[in-house]
>>> print(open('run.cif').read())   # mmCIF, C-alpha atoms; chains and numbers go by the auth columns
data_run
#
loop_
_atom_site.group_PDB
_atom_site.id
_atom_site.type_symbol
_atom_site.label_atom_id
_atom_site.label_comp_id
_atom_site.label_asym_id
_atom_site.label_seq_id
_atom_site.Cartn_x
_atom_site.Cartn_y
_atom_site.Cartn_z
_atom_site.B_iso_or_equiv
_atom_site.auth_seq_id
_atom_site.auth_asym_id
ATOM 1 C CA MET A 1 109.895 19.146 -63.580 0.00 1 A
ATOM 2 C CA VAL A 2 108.186 21.820 -61.524 0.00 2 A
ATOM 3 C CA THR A 3 109.217 22.036 -57.891 0.00 3 A
ATOM 4 C CA GLN A 4 106.502 22.904 -55.453 0.00 4 A
ATOM 5 C CA LYS A 5 107.118 25.806 -53.123 0.00 5 A
ATOM 6 C CA THR A 6 107.292 25.145 -49.425 0.00 6 A
ATOM 7 C CA PRO A 7 104.627 26.750 -47.224 0.00 7 A
ATOM 8 C CA TYR A 8 107.343 29.104 -45.972 0.00 8 A
ATOM 9 C CA GLU A 9 108.234 30.210 -49.493 0.00 9 A
ATOM 10 C CA LEU A 10 104.589 30.668 -50.401 0.00 10 A
ATOM 11 C CA VAL A 11 103.756 32.525 -47.174 0.00 11 A
ATOM 12 C CA PRO A 12 107.030 34.117 -46.014 0.00 12 A
ATOM 13 C CA GLN A 13 105.394 35.546 -42.886 0.00 13 A
ATOM 14 C CA LEU A 14 104.931 31.971 -41.601 0.00 14 A
ATOM 15 C CA GLY A 15 108.661 31.367 -41.907 0.00 15 A
ATOM 16 C CA ARG A 16 109.475 34.630 -40.159 0.00 16 A
ATOM 17 C CA LEU A 17 107.088 33.853 -37.299 0.00 17 A
ATOM 18 C CA ARG A 18 108.444 30.308 -37.017 0.00 18 A
ATOM 19 C CA ASP A 19 112.016 31.552 -36.861 0.00 19 A
ATOM 20 C CA GLU A 20 111.600 34.684 -34.760 0.00 20 A
ATOM 21 C CA VAL A 21 108.776 33.705 -32.413 0.00 21 A
ATOM 22 C CA VAL A 22 108.736 29.928 -32.132 0.00 22 A
ATOM 23 C CA TYR A 23 112.437 29.093 -32.339 0.00 23 A
ATOM 24 C CA ASP A 24 114.133 32.340 -31.268 0.00 24 A
ATOM 25 C CA ASP A 25 111.733 33.068 -28.398 0.00 25 A
ATOM 26 C CA VAL A 26 109.513 30.183 -27.278 0.00 26 A
ATOM 27 C CA TRP A 27 112.134 27.447 -27.659 0.00 27 A
ATOM 28 C CA GLU A 28 114.663 29.621 -25.790 0.00 28 A
ATOM 29 C CA GLN A 29 112.571 30.211 -22.665 0.00 29 A
ATOM 30 C CA PRO A 30 114.414 28.941 -19.572 0.00 30 A
ATOM 31 C CA GLU A 31 111.563 27.011 -17.909 0.00 31 A
ATOM 32 C CA LEU A 32 112.056 23.915 -20.065 0.00 32 A
ATOM 33 C CA SER A 33 115.103 22.416 -21.713 0.00 33 A
ATOM 34 C CA LYS A 34 115.113 21.918 -25.470 0.00 34 A
ATOM 35 C CA ARG A 35 115.109 18.182 -24.776 0.00 35 A
ATOM 36 C CA ASP A 36 111.901 18.491 -22.733 0.00 36 A
ATOM 37 C CA ARG A 37 110.356 20.782 -25.342 0.00 37 A
ATOM 38 C CA SER A 38 111.110 18.140 -27.971 0.00 38 A
ATOM 39 C CA LEU A 39 109.387 15.434 -25.920 0.00 39 A
ATOM 40 C CA ILE A 40 106.337 17.653 -25.496 0.00 40 A
ATOM 41 C CA THR A 41 106.300 18.668 -29.155 0.00 41 A
ATOM 42 C CA ILE A 42 106.549 15.140 -30.560 0.00 42 A
ATOM 43 C CA SER A 43 103.809 14.060 -28.149 0.00 43 A
ATOM 44 C CA ALA A 44 101.479 16.834 -29.291 0.00 44 A
ATOM 45 C CA LEU A 45 102.224 16.309 -32.987 0.00 45 A
ATOM 46 C CA MET A 46 101.745 12.575 -32.647 0.00 46 A
ATOM 47 C CA ALA A 47 98.420 12.993 -30.832 0.00 47 A
ATOM 48 C CA LEU A 48 97.206 15.482 -33.436 0.00 48 A
ATOM 49 C CA TYR A 49 98.351 13.248 -36.341 0.00 49 A
ATOM 50 C CA ARG A 50 100.511 16.010 -37.821 0.00 50 A
ATOM 51 C CA THR A 51 102.690 13.730 -39.927 0.00 51 A
ATOM 52 C CA PRO A 52 104.909 16.187 -41.866 0.00 52 A
ATOM 53 C CA GLU A 53 105.666 18.263 -38.782 0.00 53 A
ATOM 54 C CA LEU A 54 106.235 15.163 -36.642 0.00 54 A
ATOM 55 C CA ARG A 55 108.830 13.886 -39.103 0.00 55 A
ATOM 56 C CA GLY A 56 110.943 17.026 -38.659 0.00 56 A
ATOM 57 C CA HIS A 57 110.486 17.161 -34.908 0.00 57 A
ATOM 58 C CA LEU A 58 111.480 13.526 -34.426 0.00 58 A
ATOM 59 C CA GLN A 59 114.859 14.396 -35.934 0.00 59 A
ATOM 60 C CA ARG A 60 115.028 17.585 -33.863 0.00 60 A
ATOM 61 C CA ALA A 61 114.275 15.521 -30.738 0.00 61 A
ATOM 62 C CA LEU A 62 117.233 13.255 -31.468 0.00 62 A
ATOM 63 C CA ASP A 63 119.395 16.333 -32.055 0.00 63 A
ATOM 64 C CA ASN A 64 118.183 17.720 -28.705 0.00 64 A
ATOM 65 C CA GLY A 65 119.250 14.606 -26.799 0.00 65 A
ATOM 66 C CA VAL A 66 116.070 12.523 -26.757 0.00 66 A
ATOM 67 C CA THR A 67 117.045 8.881 -27.238 0.00 67 A
ATOM 68 C CA LYS A 68 115.496 6.431 -29.669 0.00 68 A
ATOM 69 C CA ASP A 69 114.297 4.375 -26.703 0.00 69 A
ATOM 70 C CA GLU A 70 112.585 7.445 -25.219 0.00 70 A
ATOM 71 C CA ILE A 71 110.857 8.119 -28.541 0.00 71 A
ATOM 72 C CA ARG A 72 109.716 4.493 -28.631 0.00 72 A
ATOM 73 C CA GLY A 73 108.419 4.929 -25.089 0.00 73 A
ATOM 74 C CA VAL A 74 106.473 8.076 -26.027 0.00 74 A
ATOM 75 C CA ILE A 75 104.904 6.300 -28.991 0.00 75 A
ATOM 76 C CA THR A 76 103.887 3.305 -26.886 0.00 76 A
ATOM 77 C CA HIS A 77 102.563 5.428 -24.029 0.00 77 A
ATOM 78 C CA LEU A 78 100.513 7.701 -26.272 0.00 78 A
ATOM 79 C CA ALA A 79 98.988 4.783 -28.148 0.00 79 A
ATOM 80 C CA PHE A 80 96.596 4.432 -25.209 0.00 80 A
ATOM 81 C CA TYR A 81 95.818 8.139 -24.896 0.00 81 A
ATOM 82 C CA ALA A 82 95.944 9.420 -28.483 0.00 82 A
ATOM 83 C CA GLY A 83 94.905 6.298 -30.349 0.00 83 A
ATOM 84 C CA TRP A 84 96.426 3.315 -32.036 0.00 84 A
ATOM 85 C CA PRO A 85 96.542 4.821 -35.556 0.00 85 A
ATOM 86 C CA THR A 86 98.513 7.819 -34.297 0.00 86 A
ATOM 87 C CA ALA A 87 101.023 5.480 -32.650 0.00 87 A
ATOM 88 C CA VAL A 88 101.410 3.362 -35.781 0.00 88 A
ATOM 89 C CA ASN A 89 101.885 6.506 -37.868 0.00 89 A
ATOM 90 C CA ALA A 90 104.520 7.819 -35.451 0.00 90 A
ATOM 91 C CA GLY A 91 106.210 4.422 -35.449 0.00 91 A
ATOM 92 C CA ARG A 92 106.464 4.485 -39.239 0.00 92 A
ATOM 93 C CA LEU A 93 108.019 7.935 -39.132 0.00 93 A
ATOM 94 C CA ALA A 94 110.426 6.948 -36.372 0.00 94 A
ATOM 95 C CA ALA A 95 111.480 3.906 -38.409 0.00 95 A
ATOM 96 C CA GLU A 96 112.295 6.206 -41.338 0.00 96 A
ATOM 97 C CA ILE A 97 114.247 8.617 -39.149 0.00 97 A
ATOM 98 C CA PHE A 98 116.093 5.877 -37.270 0.00 98 A
ATOM 99 C CA ASP A 99 117.067 4.130 -40.547 0.00 99 A
ATOM 100 C CA ASP A 100 118.548 7.380 -41.859 0.00 100 A
ATOM 101 C CA GLU A 101 121.037 7.558 -38.990 0.00 101 A
#
>>> encode(input="run.cif", output="structure tokens")
Amino acid sequence: MVTQKTPYELVPQLGRLRDEVVYDDVWEQPELSKRDRSLITISALMALYRTPELRGHLQRALDNGVTKDEIRGVITHLAFYAGWPTAVNAGRLAAEIFDDE
């Protein structure tokens, strides 16, 4: 069985930029808490229908102190601004993440 490389293995510069710029710099800026950044990030990823990235950030949001009820609230709220399909997709992902806990 052949394992497929991750985007970060295939393009190592992406991984370096993610680690050094996004997480080591942007996510560490003092203006917003990591919890607030997680709420913003899951909202943007949900609205843009970025399923693989949303999956990871839903877990990160929980790790950063966002509650399951708050995630449910974001999904419901954005259904009316980002579209019903994006909300259903996010709900499916949240169900997966919540079941894993």
>>> resolve_selection(input="run.cif", expression="the PyMOL selection byres ((chain A and resi 82-93) around 9)", output="list in words")
Met46, Ala47, Leu48, Tyr49, Thr51, Leu54, Arg55, Leu58, Arg72, Val74, Ile75, Thr76, His77, Leu78, Ala79, Phe80, Tyr81, Ala94, Ala95, Glu96, Ile97 and Phe98 of chain A
>>> atom_distance(input="run.cif", atom1="CA of Leu14 in chain A", atom2="CA of Ile71 in chain A")
27.8 Å
>>> atom_distance(input="run.cif", atom1="CA of His57 in chain A", atom2="CA of Leu39 in chain A")
9.2 Å
>>> atom_distance(input="run.cif", atom1="CA of Asp36 in chain A", atom2="CA of Val66 in chain A")
8.3 Å
>>> resolve_selection(input="run.cif", expression="the PyMOL selection byres ((chain A and resi 18-34) around 10)", output="number ranges by chain")
A: 8, 12-17, 35-40, 60-61, 63-66
>>> build_atoms(input="run.cif", residues="range 69-87 of chain A", atoms="N, CA and C atoms", output="mmCIF file, keeping the file's coordinate frame")
data_model
loop_
_atom_site.group_PDB
_atom_site.id
_atom_site.type_symbol
_atom_site.label_atom_id
_atom_site.label_comp_id
_atom_site.auth_asym_id
_atom_site.auth_seq_id
_atom_site.Cartn_x
_atom_site.Cartn_y
_atom_site.Cartn_z
ATOM 1 N N ASP A 69 115.131 5.118 -27.657
ATOM 2 C CA ASP A 69 114.297 4.375 -26.703
ATOM 3 C C ASP A 69 113.242 5.275 -26.075
ATOM 4 N N GLU A 70 113.582 6.518 -25.775
ATOM 5 C CA GLU A 70 112.585 7.445 -25.219
ATOM 6 C C GLU A 70 111.495 7.745 -26.242
ATOM 7 N N ILE A 71 111.865 7.894 -27.495
ATOM 8 C CA ILE A 71 110.857 8.119 -28.541
ATOM 9 C C ILE A 71 109.956 6.897 -28.660
ATOM 10 N N ARG A 72 110.532 5.714 -28.615
ATOM 11 C CA ARG A 72 109.716 4.493 -28.631
ATOM 12 C C ARG A 72 108.756 4.473 -27.443
ATOM 13 N N GLY A 73 109.254 4.890 -26.284
ATOM 14 C CA GLY A 73 108.419 4.929 -25.089
ATOM 15 C C GLY A 73 107.271 5.909 -25.214
ATOM 16 N N VAL A 74 107.535 7.087 -25.803
ATOM 17 C CA VAL A 74 106.473 8.076 -26.027
ATOM 18 C C VAL A 74 105.412 7.501 -26.949
ATOM 19 N N ILE A 75 105.846 6.872 -28.025
ATOM 20 C CA ILE A 75 104.904 6.300 -28.991
ATOM 21 C C ILE A 75 104.026 5.242 -28.323
ATOM 22 N N THR A 76 104.642 4.360 -27.568
ATOM 23 C CA THR A 76 103.887 3.305 -26.886
ATOM 24 C C THR A 76 102.918 3.894 -25.866
ATOM 25 N N HIS A 77 103.398 4.824 -25.066
ATOM 26 C CA HIS A 77 102.563 5.428 -24.029
ATOM 27 C C HIS A 77 101.353 6.142 -24.640
ATOM 28 N N LEU A 78 101.605 6.926 -25.682
ATOM 29 C CA LEU A 78 100.513 7.701 -26.272
ATOM 30 C C LEU A 78 99.542 6.867 -27.087
ATOM 31 N N ALA A 79 99.927 5.649 -27.432
ATOM 32 C CA ALA A 79 98.988 4.783 -28.148
ATOM 33 C C ALA A 79 97.681 4.635 -27.373
ATOM 34 N N PHE A 80 97.772 4.636 -26.055
ATOM 35 C CA PHE A 80 96.596 4.432 -25.209
ATOM 36 C C PHE A 80 95.846 5.729 -24.899
ATOM 37 N N TYR A 81 96.457 6.857 -25.176
ATOM 38 C CA TYR A 81 95.818 8.139 -24.896
ATOM 39 C C TYR A 81 95.433 8.886 -26.170
ATOM 40 N N ALA A 82 96.203 8.690 -27.238
ATOM 41 C CA ALA A 82 95.944 9.420 -28.483
ATOM 42 C C ALA A 82 95.400 8.525 -29.586
ATOM 43 N N GLY A 83 95.460 7.216 -29.376
ATOM 44 C CA GLY A 83 94.905 6.298 -30.349
ATOM 45 C C GLY A 83 95.945 5.460 -31.050
ATOM 46 N N TRP A 84 95.533 4.266 -31.399
ATOM 47 C CA TRP A 84 96.426 3.315 -32.036
ATOM 48 C C TRP A 84 96.929 3.813 -33.387
ATOM 49 N N PRO A 85 96.054 4.350 -34.251
ATOM 50 C CA PRO A 85 96.542 4.821 -35.556
ATOM 51 C C PRO A 85 97.619 5.908 -35.434
ATOM 52 N N THR A 86 97.487 6.777 -34.452
ATOM 53 C CA THR A 86 98.513 7.819 -34.297
ATOM 54 C C THR A 86 99.844 7.201 -33.886
ATOM 55 N N ALA A 87 99.799 6.155 -33.076
ATOM 56 C CA ALA A 87 101.023 5.480 -32.650
ATOM 57 C C ALA A 87 101.675 4.741 -33.822
#
